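Visitor: Pasting entry-v5.cif here (mmCIF, C-alpha atoms):
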```
data_run
#
loop_
_atom_site.label_atom_id
_atom_site.label_comp_id
_atom_site.auth_asym_id
_atom_site.auth_seq_id
_atom_site.Cartn_x
_atom_site.Cartn_y
_atom_site.Cartn_z
CA MET A 71 27.08 22.66 -0.97
CA ARG A 72 26.72 21.03 -4.34
CA ARG A 73 26.67 17.63 -2.68
CA ALA A 74 23.99 18.80 -0.24
CA LEU A 75 21.87 19.99 -3.14
CA ALA A 76 22.31 16.69 -4.92
CA VAL A 77 21.29 14.77 -1.80
CA ALA A 78 18.24 17.00 -1.35
CA ALA A 79 17.27 16.44 -4.99
CA CYS A 80 17.59 12.67 -4.57
CA VAL A 81 15.50 12.68 -1.37
CA ALA A 82 12.80 14.74 -3.10
CA ALA A 83 12.86 12.39 -6.10
CA LEU A 84 12.57 9.33 -3.87
CA ALA A 85 9.68 10.81 -1.94
CA GLY A 86 7.98 11.71 -5.22
CA ALA A 87 7.01 15.14 -3.94
CA ALA A 88 8.42 18.47 -2.90
CA PRO A 89 8.86 19.02 0.84
CA GLY A 90 5.54 19.65 2.56
CA GLN A 91 3.48 17.98 -0.17
CA VAL A 92 1.58 14.73 0.23
CA PRO A 93 3.07 12.02 -2.02
CA PRO A 94 0.54 11.07 -4.74
CA ARG A 95 0.98 7.39 -3.87
CA HIS A 96 -0.36 8.19 -0.40
CA ASP A 97 -3.55 9.65 -1.82
CA TYR A 98 -3.83 6.75 -4.26
CA LEU A 99 -3.65 4.18 -1.47
CA LEU A 100 -6.11 6.05 0.73
CA HIS A 101 -8.70 7.13 -1.83
CA CYS A 102 -8.37 4.83 -4.87
CA SER A 103 -6.78 1.50 -3.94
CA GLY A 104 -9.80 0.20 -2.01
CA CYS A 105 -11.48 -0.54 -5.36
CA HIS A 106 -8.75 -0.30 -7.99
CA ARG A 107 -6.36 -2.23 -5.67
CA PRO A 108 -2.81 -1.18 -4.76
CA ASP A 109 -1.45 -2.62 -8.05
CA GLY A 110 -4.12 -0.89 -10.17
CA GLY A 111 -5.45 -4.23 -11.39
CA GLY A 112 -9.11 -3.57 -10.49
CA ALA A 113 -11.54 -6.38 -9.70
CA GLU A 114 -13.62 -8.65 -11.85
CA GLY A 115 -17.25 -7.77 -11.90
CA GLY A 116 -17.16 -4.01 -11.97
CA VAL A 117 -13.90 -2.28 -11.05
CA PRO A 118 -11.92 -1.33 -14.15
CA SER A 119 -8.19 -2.01 -14.28
CA LEU A 120 -6.00 1.08 -14.47
CA ILE A 121 -3.27 -0.72 -16.38
CA GLY A 122 -2.80 1.04 -19.72
CA LEU A 123 -4.86 3.98 -18.49
CA ASP A 124 -3.05 6.37 -20.83
CA ARG A 125 -5.01 4.98 -23.80
CA PHE A 126 -7.78 7.38 -22.80
CA LEU A 127 -5.41 10.27 -23.44
CA ARG A 128 -5.22 9.21 -27.10
CA ALA A 129 -9.00 9.37 -27.57
CA PRO A 130 -10.77 12.70 -28.17
CA GLY A 131 -12.26 13.82 -24.84
CA GLY A 132 -10.36 11.19 -22.91
CA ARG A 133 -8.17 13.68 -21.09
CA ASP A 134 -11.25 15.37 -19.63
CA TYR A 135 -12.90 12.02 -18.83
CA LEU A 136 -10.02 10.93 -16.57
CA ILE A 137 -10.75 13.86 -14.25
CA ARG A 138 -14.56 13.92 -14.65
CA ALA A 139 -14.93 10.18 -13.87
CA PRO A 140 -17.01 10.03 -10.65
CA GLY A 141 -14.41 8.42 -8.39
CA VAL A 142 -11.80 10.95 -9.49
CA ALA A 143 -13.95 14.10 -9.47
CA GLN A 144 -15.40 13.28 -6.03
CA ALA A 145 -12.16 12.24 -4.33
CA PRO A 146 -11.89 14.17 -1.04
CA VAL A 147 -8.67 16.00 -1.97
CA SER A 148 -7.95 19.52 -3.19
CA ASP A 149 -7.64 20.38 -6.88
CA GLU A 150 -3.87 20.66 -6.45
CA ARG A 151 -3.55 17.23 -4.83
CA LEU A 152 -5.89 15.68 -7.39
CA ALA A 153 -3.76 17.06 -10.24
CA ALA A 154 -0.61 15.61 -8.65
CA LEU A 155 -2.41 12.31 -8.00
CA MET A 156 -3.63 11.92 -11.58
CA ASN A 157 -0.29 12.94 -13.12
CA TRP A 158 1.23 10.16 -10.97
CA VAL A 159 -1.50 7.60 -11.74
CA VAL A 160 -1.08 7.99 -15.51
CA VAL A 161 2.67 7.39 -15.25
CA GLU A 162 2.37 4.59 -12.69
CA PHE A 163 -0.21 2.54 -14.57
CA GLY A 164 0.24 3.72 -18.15
CA THR A 165 3.05 3.37 -20.61
CA ALA A 166 3.44 7.11 -21.08
CA GLY A 167 2.83 10.17 -18.93
CA VAL A 168 0.33 12.93 -19.55
CA SER A 169 1.51 15.90 -21.59
CA PRO A 170 0.91 18.64 -20.72
CA ARG A 171 0.55 17.66 -17.09
CA TYR A 172 -2.76 18.31 -15.35
CA THR A 173 -2.77 21.57 -13.42
CA ARG A 174 -4.78 22.66 -10.40
CA GLU A 175 -6.78 25.05 -12.56
CA GLU A 176 -7.66 22.47 -15.22
CA VAL A 177 -8.67 19.89 -12.63
CA GLY A 178 -10.83 22.45 -10.80
CA LEU A 179 -12.73 23.30 -13.98
CA LEU A 180 -13.19 19.67 -15.04
CA ARG A 181 -14.42 18.25 -11.73
CA ALA A 182 -17.01 21.02 -11.58
CA ARG A 183 -18.69 19.49 -14.67
CA PRO A 184 -20.15 16.14 -13.52
CA LEU A 185 -20.70 13.42 -16.09
CA ARG A 186 -24.30 12.49 -16.85
CA ASP A 187 -23.36 8.91 -17.75
CA GLY A 188 -19.73 8.05 -17.11
CA THR A 189 -20.14 4.38 -18.04
CA GLU A 190 -21.54 5.20 -21.47
CA LEU A 191 -18.81 7.77 -22.12
CA ARG A 192 -16.13 5.32 -21.04
CA ALA A 193 -17.40 2.68 -23.47
CA ARG A 194 -17.53 5.26 -26.25
CA LEU A 195 -13.94 6.39 -25.56
CA LEU A 196 -12.65 2.83 -25.56
CA ALA A 197 -14.33 2.19 -28.91
CA ALA A 198 -13.09 5.45 -30.47
CA PRO A 199 -10.16 5.41 -32.88
CA THR A 200 -7.13 6.64 -30.99
CA ARG A 201 -4.59 9.18 -32.18
CA ARG A 202 -0.90 9.21 -31.47
CA ALA A 203 0.25 10.54 -28.14
CA PRO A 204 1.17 14.23 -28.38
CA MET B 229 55.31 -36.95 -13.18
CA SER B 230 53.75 -33.73 -12.00
CA SER B 231 52.79 -30.78 -14.11
CA PRO B 232 53.66 -27.09 -13.45
CA LEU B 233 50.02 -26.60 -12.48
CA ASP B 234 50.36 -29.24 -9.74
CA HIS B 235 53.46 -27.44 -8.44
CA TRP B 236 51.60 -24.14 -8.36
CA PHE B 237 48.67 -25.56 -6.40
CA GLU B 238 51.05 -27.37 -4.02
CA ARG B 239 52.95 -24.16 -3.28
CA ALA B 240 49.73 -22.24 -2.78
CA ALA B 241 48.33 -24.89 -0.44
CA ARG B 242 51.53 -25.12 1.62
CA GLY B 243 51.69 -21.34 1.90
CA LEU B 244 48.10 -21.17 3.07
CA ALA B 245 48.78 -23.90 5.64
CA ARG B 246 51.80 -21.97 7.00
CA ARG B 247 49.89 -18.73 7.34
CA SER B 248 46.71 -20.13 8.86
CA GLY B 249 45.38 -23.12 10.74
CA ARG B 250 42.11 -24.92 11.23
CA ARG B 251 41.81 -23.42 14.69
CA SER B 252 42.08 -19.88 13.45
CA PHE B 253 39.49 -20.64 10.75
CA LEU B 254 37.10 -22.08 13.33
CA ALA B 255 37.77 -19.12 15.61
CA ARG B 256 36.78 -16.69 12.85
CA VAL B 257 33.63 -18.66 12.01
CA GLY B 258 32.72 -18.79 15.71
CA LEU B 259 33.30 -15.07 16.08
CA GLY B 260 31.04 -14.43 13.11
CA LEU B 261 28.27 -16.64 14.51
CA VAL B 262 28.40 -15.07 17.98
CA GLY B 263 28.64 -11.59 16.50
CA SER B 264 25.64 -11.99 14.25
CA ALA B 265 23.62 -13.42 17.15
CA ALA B 266 24.66 -10.59 19.46
CA VAL B 267 23.93 -7.67 17.12
CA PRO B 268 20.13 -7.77 17.63
CA LEU B 269 20.70 -7.67 21.40
CA LEU B 270 22.55 -4.38 21.29
CA PRO B 271 20.53 -1.58 22.85
CA VAL B 272 20.89 0.80 19.88
CA ALA B 273 17.49 0.26 18.23
CA ARG B 274 15.61 -0.08 21.52
CA ALA B 275 16.93 3.24 22.75
CA ALA B 276 16.01 5.05 19.53
CA PRO B 277 13.02 7.40 19.69
CA ASP B 278 9.77 6.25 18.15
CA ALA B 279 10.13 8.81 15.39
CA ALA B 280 13.17 6.92 14.11
CA ARG B 281 11.26 3.66 13.64
CA VAL B 282 11.09 2.38 10.10
CA GLY B 283 9.45 -0.61 8.44
CA PRO B 284 6.21 -2.25 9.50
CA PRO B 285 4.38 -0.82 12.51
CA PRO B 286 5.29 -2.30 15.88
CA GLU B 287 3.02 -4.96 17.32
CA ASP B 288 4.52 -4.97 20.82
CA ILE B 289 1.82 -2.87 22.46
CA ASP B 290 0.62 -3.80 25.92
CA GLY B 291 -3.07 -4.24 26.70
CA PRO B 292 -6.04 -4.50 24.35
CA GLN B 293 -4.47 -2.14 21.82
CA GLY B 294 -1.84 -4.80 21.19
CA ASP B 295 -4.06 -7.88 21.31
CA VAL B 296 -5.11 -8.88 17.80
CA LYS B 297 -8.08 -10.79 19.21
CA SER B 298 -9.40 -7.69 20.97
CA CYS B 299 -11.74 -5.22 19.30
CA GLN B 300 -9.65 -2.44 20.88
CA TYR B 301 -6.57 -3.49 18.90
CA TRP B 302 -5.40 -0.26 17.24
CA ARG B 303 -5.79 -1.43 13.62
CA TYR B 304 -9.49 -2.18 14.09
CA CYS B 305 -10.52 1.48 14.49
CA ALA B 306 -13.09 1.40 11.66
CA ILE B 307 -14.08 -2.25 11.74
CA ASP B 308 -17.68 -3.48 11.84
CA GLY B 309 -17.69 -7.25 11.77
CA LEU B 310 -16.01 -10.36 13.11
CA LEU B 311 -12.28 -10.63 13.71
CA CYS B 312 -10.56 -13.25 11.55
CA SER B 313 -7.93 -13.62 14.29
CA CYS B 314 -10.65 -15.39 16.34
CA CYS B 315 -11.94 -17.42 13.39
CA GLY B 316 -8.98 -19.56 12.35
CA GLY B 317 -7.14 -16.81 10.47
CA THR B 318 -5.00 -13.92 11.68
CA HIS B 319 -5.44 -10.16 11.76
CA THR B 320 -3.99 -10.06 8.21
CA ALA B 321 -4.88 -13.48 6.75
CA CYS B 322 -8.21 -15.14 5.98
CA PRO B 323 -9.13 -18.48 7.58
CA PRO B 324 -8.76 -21.58 5.40
CA GLY B 325 -11.70 -22.11 3.07
CA THR B 326 -12.43 -18.39 2.66
CA GLU B 327 -11.41 -15.92 -0.02
CA MET B 328 -10.17 -12.39 0.64
CA ALA B 329 -12.27 -9.73 -1.09
CA PRO B 330 -10.11 -7.57 -3.39
CA VAL B 331 -12.41 -4.57 -2.99
CA THR B 332 -12.12 -3.02 0.44
CA TRP B 333 -12.65 -0.12 2.77
CA VAL B 334 -9.34 1.72 3.13
CA GLY B 335 -8.88 4.25 5.91
CA THR B 336 -6.42 5.28 8.59
CA CYS B 337 -5.90 4.28 12.22
CA ARG B 338 -3.55 5.81 14.76
CA ASN B 339 -1.04 3.46 16.35
CA PRO B 340 -0.59 4.40 20.03
CA ALA B 341 2.87 2.84 20.07
CA ASP B 342 4.34 5.59 17.89
CA GLY B 343 1.51 8.11 17.56
CA LYS B 344 1.47 7.77 13.77
CA ASP B 345 -1.47 7.22 11.44
CA TYR B 346 -1.32 4.17 9.20
CA ILE B 347 -3.26 3.40 6.03
CA VAL B 348 -5.30 0.28 6.79
CA SER B 349 -7.20 -1.94 4.37
CA TYR B 350 -10.18 -3.82 5.85
CA ASN B 351 -10.59 -6.83 3.63
CA ASP B 352 -13.52 -9.14 4.22
CA CYS B 353 -13.02 -12.89 4.04
CA CYS B 354 -15.85 -14.54 2.17
CA GLY B 355 -17.18 -17.98 1.23
CA LYS B 356 -18.14 -19.51 4.59
CA THR B 357 -21.01 -18.68 6.92
CA PHE B 358 -20.74 -16.03 9.61
CA CYS B 359 -17.88 -16.88 11.98
CA ALA B 360 -19.87 -15.56 14.99
CA ARG B 361 -16.84 -14.94 17.19
CA CYS B 362 -15.17 -11.68 18.32
CA PHE B 363 -17.81 -9.26 17.08
CA CYS B 364 -16.29 -5.80 16.78
CA ASN B 365 -18.25 -2.66 16.00
CA ARG B 366 -16.11 0.50 16.20
CA ASN B 367 -16.93 2.22 12.91
CA GLU B 368 -14.68 5.23 13.52
CA GLY B 369 -14.91 7.52 10.51
CA GLU B 370 -17.98 5.77 9.10
CA ARG B 371 -20.31 7.84 6.94
CA PRO B 372 -23.86 7.22 5.61
CA ALA B 373 -24.53 4.79 2.77
CA TYR B 374 -24.49 7.50 0.09
CA TYR B 375 -20.81 7.84 1.06
CA TRP B 376 -20.46 4.19 0.17
CA TYR B 377 -16.67 3.87 0.38
CA ARG B 378 -16.78 4.87 4.05
CA ASN B 379 -19.83 2.80 4.93
CA ASN B 380 -19.90 -0.51 6.79
CA ASP B 381 -23.50 -1.52 6.21
CA ILE B 382 -22.89 -2.64 2.65
CA ASN B 383 -21.56 -6.08 1.82
CA TRP B 384 -17.86 -5.77 1.06
CA CYS B 385 -17.66 -9.35 -0.27
CA PHE B 386 -17.25 -7.86 -3.73
CA GLY B 387 -15.08 -9.42 -6.42
CA THR B 388 -15.14 -12.81 -4.71
CA LYS B 389 -16.74 -16.07 -5.91
CA SER B 390 -19.10 -16.03 -2.95
CA GLN B 391 -20.81 -13.05 -1.33
CA ILE B 392 -21.21 -14.83 2.02
CA TYR B 393 -19.40 -12.86 4.74
CA HIS B 394 -17.23 -14.74 7.24
CA CYS B 395 -14.86 -12.28 8.99
CA SER B 396 -12.58 -9.25 8.45
CA VAL B 397 -8.83 -8.57 8.49
CA ALA B 398 -6.90 -5.30 8.82
CA VAL B 399 -3.88 -5.03 6.54
CA VAL B 400 -1.50 -2.08 6.88
CA LEU B 401 -0.69 -0.58 3.45
CA GLY B 402 1.73 2.10 4.64
CA VAL B 403 2.34 5.08 6.87
CA ALA B 404 -0.17 7.90 6.43
CA VAL B 405 1.04 11.47 6.07
CA GLU B 406 -2.24 12.55 7.65
CA GLY B 407 -5.38 10.87 8.97
CA GLN B 408 -8.31 10.21 6.64
CA PRO B 409 -10.59 13.24 6.20
CA GLU B 410 -13.50 11.59 8.05
CA LYS B 411 -12.98 11.10 11.78
#
```
Give the structure from this file in structure tokens form.
Guide:
Amino acid sequence: MRRALAVAACVAALAGAAPGQVPPRHDYLLHCSGCHRPDGGGAEGGVPSLIGLDRFLRAPGGRDYLIRAPGVAQAPVSDERLAALMNWVVVEFGTAGVSPRYTREEVGLLRARPLRDGTELRARLLAAPTRRAP
Amino acid sequence: MSSPLDHWFERAARGLARRSGRRSFLARVGLGLVGSAAVPLLPVARAAPDAARVGPPPEDIDGPQGDVKSCQYWRYCAIDGLLCSCCGGTHTACPPGTEMAPVTWVGTCRNPADGKDYIVSYNDCCGKTFCARCFCNRNEGERPAYYWYRNNDINWCFGTKSQIYHCSVAVVLGVAVEGQPEK
């Protein structure tokens, strides 16, 4: 029994999701990778790289920005799947995860508040002095 | 005058020669060669159900759904353009002299060979004039231009040195858990 549990835990860990859930990597490939590319590298001339994405989490307001950014907020997935996707993205392309992790409720509230000028906010966040990761 | 080391190697070599021969060595090598060649012929994998398939999607589909130069080839379900497989490239590689756009339409197509949906990336190949062969206009799942990432009327030669469109490829990124929302 213990071995069966261990095997089940390993399978769930490998899949990156609990049974019945869509793996975040799946949603990344389908909804994000067309522009940001499968390796997160972005494209010259207008698509930002996601490498080191967690630097936004160290700037005031950056945590909210990562969900309110147009491509994220408008992704055709539920709040729950978007939370799982972004928790995965920050770990996959950053050097540290997001703490506390995004929840369905937080994502739902944030994506309901569209940004008036995401590009300007992004530039401001990148220029802001960062604080240490919590 | 021989050293103890020489004696040791001599004893080891003579012992090996007593226990085995060149013929038995060749027989084992031959068995290995025949065995490794025969393994792929065993009927195990062919008899397995489609659900047990792993790895890249099968290409051995009969008819137009398996012909990479046909618009009906299963991976081309959302394509609107010219097939690189008719233009000096393949269904996954750009023709020489063109550059693959890094920014793409990504959607899903169902493979009739196993009934599964696959995540497909439609990369445009750019940098040479219109190929003008194998026009294909299926557009399944396309949405209006304000839904730009599911629209085929915009120029997807983005992120390349040249914005001149030549042809399109369809690269499978993985197995989809479900089809894309737009169908």
Visitor: Can you tell me how far CA of Leu401 (chain B) sits from CA of Tyr135 (chain A), in Å to one decimal?
Guide: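 Rounded to one decimal, the two atoms are 28.4 Å apart.
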Visitor: Taking all atoms listed in the file into account, produce a table as CSV in which each residue of chain B with an atom at most 12 Å from an atom of chain A appears once, together with its shortest atom pair and the distance in Å to one decimal, ordered by chain and rising number.
Guide:
```
residue,atom,partner,partner_atom,distance
B:Ala329,CA,A:Ala113,CA,9.3
B:Pro330,CA,A:Ala113,CA,6.6
B:Val331,CA,A:Cys105,CA,4.8
B:Thr332,CA,A:Gly104,CA,4.7
B:Trp333,CA,A:Gly104,CA,5.6
B:Val334,CA,A:Gly104,CA,5.4
B:Gly335,CA,A:Leu100,CA,6.1
B:Thr336,CA,A:Leu100,CA,7.9
B:Cys337,CA,A:Leu100,CA,11.6
B:Asp345,CA,A:Leu100,CA,11.7
B:Tyr346,CA,A:Leu100,CA,9.9
B:Ile347,CA,A:Leu100,CA,6.6
B:Val348,CA,A:Leu100,CA,8.4
B:Ser349,CA,A:Gly104,CA,7.2
B:Tyr350,CA,A:Gly104,CA,8.8
B:Asn351,CA,A:Gly104,CA,9.0
B:Asp352,CA,A:Gly104,CA,11.8
B:Tyr375,CA,A:Gln144,CA,10.4
B:Trp376,CA,A:Gly141,CA,11.3
B:Tyr377,CA,A:Gly104,CA,8.1
B:Arg378,CA,A:His101,CA,10.2
B:Trp384,CA,A:Cys105,CA,10.5
B:Cys385,CA,A:Ala113,CA,11.6
B:Phe386,CA,A:Gly115,CA,8.2
B:Gly387,CA,A:Glu114,CA,5.7
B:Thr388,CA,A:Glu114,CA,8.4
B:Lys389,CA,A:Glu114,CA,10.0
B:Val399,CA,A:Gly104,CA,11.6
B:Val400,CA,A:Leu99,CA,10.7
B:Leu401,CA,A:Leu99,CA,7.5
B:Gly402,CA,A:His96,CA,8.2
B:Val403,CA,A:His96,CA,8.4
B:Ala404,CA,A:His96,CA,6.8
B:Val405,CA,A:Val92,CA,6.7
B:Glu406,CA,A:Val92,CA,8.6
B:Gly407,CA,A:Leu100,CA,9.6
B:Gln408,CA,A:Leu100,CA,7.6
B:Pro409,CA,A:Pro146,CA,7.4
B:Glu410,CA,A:Pro146,CA,9.6
```
Visitor: Would you output that residue set with C-alpha atoms, as a PDB file, keeping the file's coordinate frame?
Guide:
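The result, stored in selection.pdb:
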```pdb
ATOM      1  CA  ALA B 329     -12.270  -9.730  -1.090  1.00  0.00           C
ATOM      2  CA  PRO B 330     -10.110  -7.570  -3.390  1.00  0.00           C
ATOM      3  CA  VAL B 331     -12.410  -4.570  -2.990  1.00  0.00           C
ATOM      4  CA  THR B 332     -12.120  -3.020   0.440  1.00  0.00           C
ATOM      5  CA  TRP B 333     -12.650  -0.120   2.770  1.00  0.00           C
ATOM      6  CA  VAL B 334      -9.340   1.720   3.130  1.00  0.00           C
ATOM      7  CA  GLY B 335      -8.880   4.250   5.910  1.00  0.00           C
ATOM      8  CA  THR B 336      -6.420   5.280   8.590  1.00  0.00           C
ATOM      9  CA  CYS B 337      -5.900   4.280  12.220  1.00  0.00           C
ATOM     10  CA  ASP B 345      -1.470   7.220  11.440  1.00  0.00           C
ATOM     11  CA  TYR B 346      -1.320   4.170   9.200  1.00  0.00           C
ATOM     12  CA  ILE B 347      -3.260   3.400   6.030  1.00  0.00           C
ATOM     13  CA  VAL B 348      -5.300   0.280   6.790  1.00  0.00           C
ATOM     14  CA  SER B 349      -7.200  -1.940   4.370  1.00  0.00           C
ATOM     15  CA  TYR B 350     -10.180  -3.820   5.850  1.00  0.00           C
ATOM     16  CA  ASN B 351     -10.590  -6.830   3.630  1.00  0.00           C
ATOM     17  CA  ASP B 352     -13.520  -9.140   4.220  1.00  0.00           C
ATOM     18  CA  TYR B 375     -20.810   7.840   1.060  1.00  0.00           C
ATOM     19  CA  TRP B 376     -20.460   4.190   0.170  1.00  0.00           C
ATOM     20  CA  TYR B 377     -16.670   3.870   0.380  1.00  0.00           C
ATOM     21  CA  ARG B 378     -16.780   4.870   4.050  1.00  0.00           C
ATOM     22  CA  TRP B 384     -17.860  -5.770   1.060  1.00  0.00           C
ATOM     23  CA  CYS B 385     -17.660  -9.350  -0.270  1.00  0.00           C
ATOM     24  CA  PHE B 386     -17.250  -7.860  -3.730  1.00  0.00           C
ATOM     25  CA  GLY B 387     -15.080  -9.420  -6.420  1.00  0.00           C
ATOM     26  CA  THR B 388     -15.140 -12.810  -4.710  1.00  0.00           C
ATOM     27  CA  LYS B 389     -16.740 -16.070  -5.910  1.00  0.00           C
ATOM     28  CA  VAL B 399      -3.880  -5.030   6.540  1.00  0.00           C
ATOM     29  CA  VAL B 400      -1.500  -2.080   6.880  1.00  0.00           C
ATOM     30  CA  LEU B 401      -0.690  -0.580   3.450  1.00  0.00           C
ATOM     31  CA  GLY B 402       1.730   2.100   4.640  1.00  0.00           C
ATOM     32  CA  VAL B 403       2.340   5.080   6.870  1.00  0.00           C
ATOM     33  CA  ALA B 404      -0.170   7.900   6.430  1.00  0.00           C
ATOM     34  CA  VAL B 405       1.040  11.470   6.070  1.00  0.00           C
ATOM     35  CA  GLU B 406      -2.240  12.550   7.650  1.00  0.00           C
ATOM     36  CA  GLY B 407      -5.380  10.870   8.970  1.00  0.00           C
ATOM     37  CA  GLN B 408      -8.310  10.210   6.640  1.00  0.00           C
ATOM     38  CA  PRO B 409     -10.590  13.240   6.200  1.00  0.00           C
ATOM     39  CA  GLU B 410     -13.500  11.590   8.050  1.00  0.00           C
TER      40      GLU B 410
END
```
Visitor: Leaving out Val161 (chain A) and any residue of its chain fewer than 6 positions from it, which residues lie within 9 Å of it when counting all atoms listed in the file, given as a VMD selection string?
Guide: chain A and resid 123 to 124 167 to 168
Visitor: Got a sec: who's within 10 Å of Pro324 (chain B), counting only C-alpha atoms, leaving out chain neighbours fewer than 2 positions off, as a PDB file with C-alpha atoms, in the frame of the given file?
Guide:
```pdb
ATOM      1  CA  CYS B 315     -11.940 -17.420  13.390  1.00  0.00           C
ATOM      2  CA  GLY B 316      -8.980 -19.560  12.350  1.00  0.00           C
ATOM      3  CA  GLY B 317      -7.140 -16.810  10.470  1.00  0.00           C
ATOM      4  CA  ALA B 321      -4.880 -13.480   6.750  1.00  0.00           C
ATOM      5  CA  CYS B 322      -8.210 -15.140   5.980  1.00  0.00           C
ATOM      6  CA  THR B 326     -12.430 -18.390   2.660  1.00  0.00           C
ATOM      7  CA  GLU B 327     -11.410 -15.920  -0.020  1.00  0.00           C
ATOM      8  CA  CYS B 353     -13.020 -12.890   4.040  1.00  0.00           C
ATOM      9  CA  LYS B 356     -18.140 -19.510   4.590  1.00  0.00           C
TER      10      LYS B 356
END
```
Visitor: Using CA of Leu191 (chain A) and CA of Gly110 (chain A) as the two end points, give the distance in Å to one decimal.
Guide: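 We find that CA of Leu191 (chain A) and CA of Gly110 (chain A) lie 20.8 Å from each other.
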Visitor: If you measure from CA of Met328 (chain B) to CA of Gln391 (chain B), what distance in Å do you get, rounded to one decimal?
Guide: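 That distance, rounded to one decimal, is 10.8 Å.
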Visitor: Looking at A:Ile121, A:Ile137, A:Met156, A:Ala129, which one is nearest to Leu195 (chain A), with distances taken over all atoms listed in the file?
Guide: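 Among the listed residues, the smallest separation from Leu195 (chain A) belongs to A:Ala129.
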Visitor: Please write as a PyMOL selection string the full residue list that the PyMOL selection byres ((chain A and resi 171) around 10) yields on this file.
Guide: chain A and resi 153-154+156-158+160+167-170+172-174+176
Visitor: Could you list, as a ChimeraX atom specification, every residue matched by the PyMOL selection byres ((chain A and resi 149) around 6) in this structure?
Guide: /A:148,150-152,174,177-178
Visitor: Please provide the set of residues having any atom within 7 Å of region 367-371 of chain B, restricted to all atoms listed in the file, with same-chain residues fewer than 4 positions apart removed, written as a list in words.
Guide: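 Once the nearby chain positions are removed, what remains is Cys305, Ala306, Ile307, Asp308, Tyr375, Arg378, Asn379, Asn380, Glu410 and Lys411 of chain B.
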Visitor: Output as a compact mmCIF listing (two decimals), in the coordinates of the input: region 129-144 of chain A, completed with N, CA and C atoms.
Guide:
```
# COMPACT_ATOMS: atom_id res chain seq x y z
N ALA A 129 -7.64 9.27 -27.00
CA ALA A 129 -9.00 9.37 -27.57
C ALA A 129 -9.53 10.79 -27.35
N PRO A 130 -10.22 11.35 -28.34
CA PRO A 130 -10.77 12.70 -28.17
C PRO A 130 -11.70 12.77 -26.96
N GLY A 131 -11.43 13.68 -26.06
CA GLY A 131 -12.26 13.82 -24.84
C GLY A 131 -11.78 12.97 -23.68
N GLY A 132 -10.82 12.12 -23.95
CA GLY A 132 -10.36 11.19 -22.91
C GLY A 132 -9.61 11.90 -21.78
N ARG A 133 -8.90 12.94 -22.13
CA ARG A 133 -8.17 13.68 -21.09
C ARG A 133 -9.15 14.26 -20.05
N ASP A 134 -10.24 14.81 -20.54
CA ASP A 134 -11.25 15.37 -19.63
C ASP A 134 -11.92 14.25 -18.83
N TYR A 135 -12.20 13.13 -19.49
CA TYR A 135 -12.90 12.02 -18.83
C TYR A 135 -12.14 11.54 -17.60
N LEU A 136 -10.81 11.46 -17.69
CA LEU A 136 -10.02 10.93 -16.57
C LEU A 136 -10.20 11.76 -15.30
N ILE A 137 -10.52 13.03 -15.43
CA ILE A 137 -10.75 13.86 -14.25
C ILE A 137 -12.24 13.89 -13.88
N ARG A 138 -13.11 13.83 -14.91
CA ARG A 138 -14.56 13.92 -14.65
C ARG A 138 -15.16 12.59 -14.19
N ALA A 139 -14.44 11.48 -14.34
CA ALA A 139 -14.93 10.18 -13.87
C ALA A 139 -15.31 10.31 -12.39
N PRO A 140 -16.47 9.74 -11.99
CA PRO A 140 -17.01 10.03 -10.65
C PRO A 140 -16.02 9.83 -9.50
N GLY A 141 -15.33 8.69 -9.49
CA GLY A 141 -14.41 8.42 -8.39
C GLY A 141 -13.28 9.43 -8.31
N VAL A 142 -12.88 9.96 -9.46
CA VAL A 142 -11.80 10.95 -9.49
C VAL A 142 -12.35 12.30 -9.06
N ALA A 143 -13.42 12.76 -9.73
CA ALA A 143 -13.95 14.10 -9.47
C ALA A 143 -14.38 14.26 -8.01
N GLN A 144 -14.88 13.17 -7.40
CA GLN A 144 -15.40 13.28 -6.03
C GLN A 144 -14.40 12.90 -4.96
```
